[in-house]
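Read through the structure below, which is laid out as structure tokens, and then see the notes.
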Amino acid sequence: MKKMLLFITVVCSLFIITACSTSNKDANKQGVAIKGATSEPLKVLKGPTITLVAKEAKQKLRNGVTVPVWTFNGSAPGPEIRVKKGDKVRVTLKNELPSPVSIHWHGYPVPNNMDGVPNVTQDAVAPGKSFTYEFTASKVGTYWYHSHEDSVNQVDRGLYGALVVEDPEDKYDKDYTLMLDEWVTNKKYINNQIKTMTGKETSNKSDQDSGMNGMDMGNMDMGQDSEMNMANDSHSSHHNNNNESSQGGMNMTSMNMMDHMGMYDLYTINGKSGHLIKPLNVKEGDRVRLRFINAGYLSHNIHIHGHNIKVIATDGQPINNPSLIKNQVINIAPGERYDIAFTAYNPGKWLIEDHGNSKGTSGMKAVINYEGIKKMNDKANANQSLSPINLTQYGTKSNNQLTLDQKYDVEYSMDLNVGMDSNKMIYTINGKTYPNTDPIKVKKGDLVKVKLVNRDMMNHHPMHLHGHFFQVLSKNGKPISGSPIMKDTLNLKPGEEYEVAFVADNPGNWMFHCHDLHHASAGMDTEVKYTDYQTNYKPKSSNSNKTE
């Protein structure tokens with residue numbers, strides 16, 4: 001135990017030294033090797049037939065900060081793909097990167113062989129090769145796509161974009177998508193990460209997989225004031241005394257450890273920070289829809305100034321009878337999406353901003369810009385503590401829902417934790433790391449209930465299920481009292497417990513993993529396996545697939 005504590009102390013000391021050296025100077029001036037042309041402006045591609053080219057570029061994130069990016073079609077994020085309900089979508093991926101790549105359709109119930117997970121549903125697309133993804137746009141809403149090959153690094157460097165399936169019944173005057181992300185500007189980190197991604201790193205491989213050079217301390221509850229999206233409490237959950245890790249009973253909360261996520265020192269909306277973020281132009285009387293997508297690894301507390309708003313959907317799924325709210329934050333965890341609607345009734349220039357005290361928070365600000373208004377009278381208040389929307393009590397009940405007390409064909413308990421293995425942090429499900437975790441075995445038509453418990457007293461774990469939507473039944477033993485909550489990504493703060501349920505209606509082998517991809521790459525993954533499904537896919541031994 002003393003040896004383990006000493007190791008953690010040394011690692012944390014190294015991290016503090018590294019973090020203190022972080023600079024916001026232009027990354028190109030710092031000596032970062034930047035390949036490819038300057039990134040292109042963010043575009044919208046109308047489907048149903050799309051071509052995405054994975055390639056290198058350099059991108060100006062804010063004045064004075066240009067970094068190398070891996071992109072779809074020359075920008076990070078890649079183009080927003082918009083298709084209509086019922087479209088037969090066909091997306092051809094062409095790989096011009098020096099490493100394999102894939103596309104996962106996050107939140108979308110595609111056929112299993114289109115899910116884009118190397119070693120599970122397909123081999124990653126090798127440099128110079130192509131692959132075509134095909135699926136029917138049967139579900140409307142806000143989704144996104146990203147690489148699932150070495151995703152902890154490839155998503156980090158920009159390989160993602162928005163997917164919007166339009167509802168012909170929706171009538172909005174303005175419809176904006178805002179993709180949230182965080183970036184590291186430290187040149188040493190960027191150079192090491194790209195070397196790892198391209199196979200040019202010669203150091204110990206186990207230290208490369210997380211992209212953090214062996215210093216992964218997880219998405220700890222010690223940095224930004226990031227409340228879980230369904231929370232109505234304050235900061236109490238991470239002080240829970242039930243903090244024994246399954247890995248040797250290590251008391252992790254007794255260690256005053258620095259959150260490595262502080263290395264992410266620049267926050268962006270649609271790949272830009274601060275004054276480079278494009279304003280959201282509206283006219284008085286407009287009906288406005290905002291689609292928020294968190295493509296990063298930190299939660300963000302989003303405050304929309306000056307307006308009464310409604311949360312109309314989460315993870316693309318509608319909220320039943322949402323009420324108007326004002327001056328509350330919407331906590332958006334990694335992988336989650338939230339759709340907001342409001343009527344532009346209050347002429348002016350109004351901020352949309354992230355609330356918190358982290359270094360990058362000040363750059364995550366967009367402006368609602370009314371036509372004809374030139375002066376900004378609104379003031380930032382990112383340090384102010386506002387209550388988060390409590391989604392467990394938001395909206396109203398409906399009859400079309402699963403319940404806690406009905407009979408389920410399959411029940412599974414998922415204990416999430418952190419530990420040590422050979423002097424390295426690991427993230428576990430029921431004490432095991434992937435691929436040794438126990439799968440959830442189902443048959444088509446089964447009703448499945450999963451109990452998730454976060455026994456990790458340091459970290460948030462946004463758990464994402466591929467290929468299905470699940471209904472949230474309870475939080476910390478209390479049934480959901482508002483609208484039915486249908487999601488594919490659910491954030492668990494330290495000590496929290498949820499029960500969720502889904503219908504096994506999409507045969508295949510599906511990942512269920514943490515979407516802080518540092519945690520996923522260090523073991524926090526399992527699979528939902530249909531026992532009555534036969535796949536034709538067999539990984540090629542010559543392919544260097546990296547699932548996370």
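Each chain of the structure tokens is named A, B, ... in the order shown, its residues numbered from 1; ligands are numbered from 1 in display order.
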Closest atom pairs, range 449-496 of chain A residues within 10 Å of range 517-520 of chain A, only C-alpha atoms, as a tab-separated table:
residue	atom	partner	partner_atom	distance
A:Asn459	CA	A:His519	CA	9.5
A:His460	CA	A:His519	CA	9.9
A:His461	CA	A:His519	CA	8.1
A:Pro462	CA	A:Leu517	CA	9.6
A:Met463	CA	A:Ala520	CA	9.6
Output the selection as a short mmCIF file (atom, residue, chain, number, x, y, z; two decimals), in the first residue's frame - N, CA, C and O atoms for each residue.
data_model
loop_
_atom_site.label_atom_id
_atom_site.label_comp_id
_atom_site.auth_asym_id
_atom_site.auth_seq_id
_atom_site.Cartn_x
_atom_site.Cartn_y
_atom_site.Cartn_z
N ASN A 459 -14.09 10.21 -9.81
CA ASN A 459 -14.35 10.48 -11.21
C ASN A 459 -15.82 10.39 -11.59
O ASN A 459 -16.57 9.57 -11.06
N HIS A 460 -16.19 11.22 -12.55
CA HIS A 460 -17.47 11.08 -13.23
C HIS A 460 -17.30 10.02 -14.32
O HIS A 460 -16.25 9.94 -14.97
N HIS A 461 -18.37 9.26 -14.58
CA HIS A 461 -18.32 8.26 -15.65
C HIS A 461 -19.57 8.38 -16.53
O HIS A 461 -20.64 7.89 -16.16
N PRO A 462 -19.45 9.04 -17.67
CA PRO A 462 -20.57 9.12 -18.61
C PRO A 462 -20.66 7.84 -19.44
O PRO A 462 -19.89 7.64 -20.38
N MET A 463 -21.60 6.98 -19.09
CA MET A 463 -21.68 5.65 -19.70
C MET A 463 -22.56 5.70 -20.96
O MET A 463 -23.69 6.16 -20.92
#
Test item: residues at most 8 Å from range 95-97 of chain A, only C-alpha atoms, excluding those fewer than 3 positions along its chain, as an mmCIF file with N, CA and C atoms, in the first residue's frame:
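File produced: out25.cif:
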data_model
loop_
_atom_site.group_PDB
_atom_site.id
_atom_site.type_symbol
_atom_site.label_atom_id
_atom_site.label_comp_id
_atom_site.auth_asym_id
_atom_site.auth_seq_id
_atom_site.Cartn_x
_atom_site.Cartn_y
_atom_site.Cartn_z
ATOM 1 N N VAL A 53 -13.607 12.769 -46.007
ATOM 2 C CA VAL A 53 -12.190 12.488 -46.216
ATOM 3 C C VAL A 53 -11.438 12.793 -44.926
ATOM 4 N N ALA A 54 -10.833 11.779 -44.328
ATOM 5 C CA ALA A 54 -10.043 11.965 -43.115
ATOM 6 C C ALA A 54 -8.648 12.420 -43.513
ATOM 7 N N LYS A 55 -8.244 13.605 -43.028
ATOM 8 C CA LYS A 55 -6.950 14.148 -43.426
ATOM 9 C C LYS A 55 -6.434 15.117 -42.368
ATOM 10 N N GLU A 56 -5.143 15.414 -42.483
ATOM 11 C CA GLU A 56 -4.500 16.335 -41.548
ATOM 12 C C GLU A 56 -4.719 17.785 -41.971
ATOM 13 N N TRP A 70 -6.576 16.475 -36.788
ATOM 14 C CA TRP A 70 -7.000 15.402 -37.701
ATOM 15 C C TRP A 70 -8.479 15.638 -37.959
ATOM 16 N N PRO A 100 -4.900 4.152 -39.380
ATOM 17 C CA PRO A 100 -6.270 3.681 -39.620
ATOM 18 C C PRO A 100 -7.297 4.560 -38.910
ATOM 19 N N VAL A 101 -8.537 4.528 -39.393
ATOM 20 C CA VAL A 101 -9.603 5.350 -38.826
ATOM 21 C C VAL A 101 -10.928 4.632 -39.052
ATOM 22 N N VAL A 125 -10.336 1.422 -41.120
ATOM 23 C CA VAL A 125 -10.026 1.707 -42.522
ATOM 24 C C VAL A 125 -8.569 2.145 -42.618
ATOM 25 N N ALA A 126 -7.771 1.373 -43.344
ATOM 26 C CA ALA A 126 -6.329 1.631 -43.443
ATOM 27 C C ALA A 126 -6.055 2.886 -44.273
ATOM 28 N N PRO A 127 -4.883 3.509 -44.087
ATOM 29 C CA PRO A 127 -4.506 4.650 -44.919
ATOM 30 C C PRO A 127 -4.605 4.315 -46.401
ATOM 31 N N GLY A 128 -5.221 5.223 -47.158
ATOM 32 C CA GLY A 128 -5.387 5.015 -48.589
ATOM 33 C C GLY A 128 -6.596 4.202 -48.974
ATOM 34 N N LYS A 129 -7.346 3.691 -47.990
ATOM 35 C CA LYS A 129 -8.502 2.847 -48.266
ATOM 36 C C LYS A 129 -9.801 3.604 -47.983
ATOM 37 N N SER A 130 -10.937 2.962 -48.356
ATOM 38 C CA SER A 130 -12.262 3.556 -48.174
ATOM 39 C C SER A 130 -13.210 2.531 -47.581
#
Check your understanding: When distances are computed from only C-alpha atoms, which of A:Asn153, A:Asn476, A:Ser387, A:Ser102 shows the smallest separation from Ser521 in chain A?
Key -> A:Asn153
Find the residues of range 35-64 of chain A that sit at most 12 Å from range 344-364 of chain A; for each, write down the nearest two atoms and how far apart they are in Å, to one decimal. Count only C-alpha atoms. Sort by chain, then by number going up, and give it as a tab-separated table.
residue	atom	partner	partner_atom	distance
A:Leu61	CA	A:Gly363	CA	10.0
A:Arg62	CA	A:Gly363	CA	8.7
A:Asn63	CA	A:Gly363	CA	11.2
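Each of A:Asn536, A:Gln154, A:Asn294, A:Thr177 was compared to Leu280 in chain A using only C-alpha atoms, and A:Thr177 turns out to be the nearest.
The residue set within 12 Å of Pro111 in chain A, counting only C-alpha atoms and dropping same-chain residues fewer than 3 places from it, reads His104, Trp105, Tyr108, Met114, Asp115, Gly116, Thr121, Tyr133, Glu134, Phe135, Thr136, Ala137, Ser138, His466, Gly467, His468, Asp505, Asn506, Pro507, Gly508, Asn509, Trp510 and Thr535 of chain A.
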Revision key, fill the gap. One decimal place gives the CA of Val329 in chain A-CA of Asn390 in chain A separation as 9.8 Å
Check your understanding: Neighbours of range 263-276 of chain A within 10 Å (only C-alpha atoms; same-chain residues fewer than 6 positions away dropped), as a PyMOL selection string?
Key -> chain A and resi 15-16+18-24+41-42+59-63+65+75-78+158+161-162+177-186+189+212+292-298+300+354+358-367
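Atom pair CA of Lys283 in chain A / CA of Asp175 in chain A has a distance of 12.7 Å (rounded to one decimal).
With only C-alpha atoms as the atoms that count, the residue of A:Ile340, A:Ile389, A:Ala522, A:Val288 with the shortest distance to Met420 in chain A is A:Ala522.
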Revision key, fill the gap. Residue with the minimum atom-to-atom distance to Val282 in chain A, picked from A:Leu386, A:Met458, A:Ile373, A:Val450 with only C-alpha atoms counted, is A:Ile373
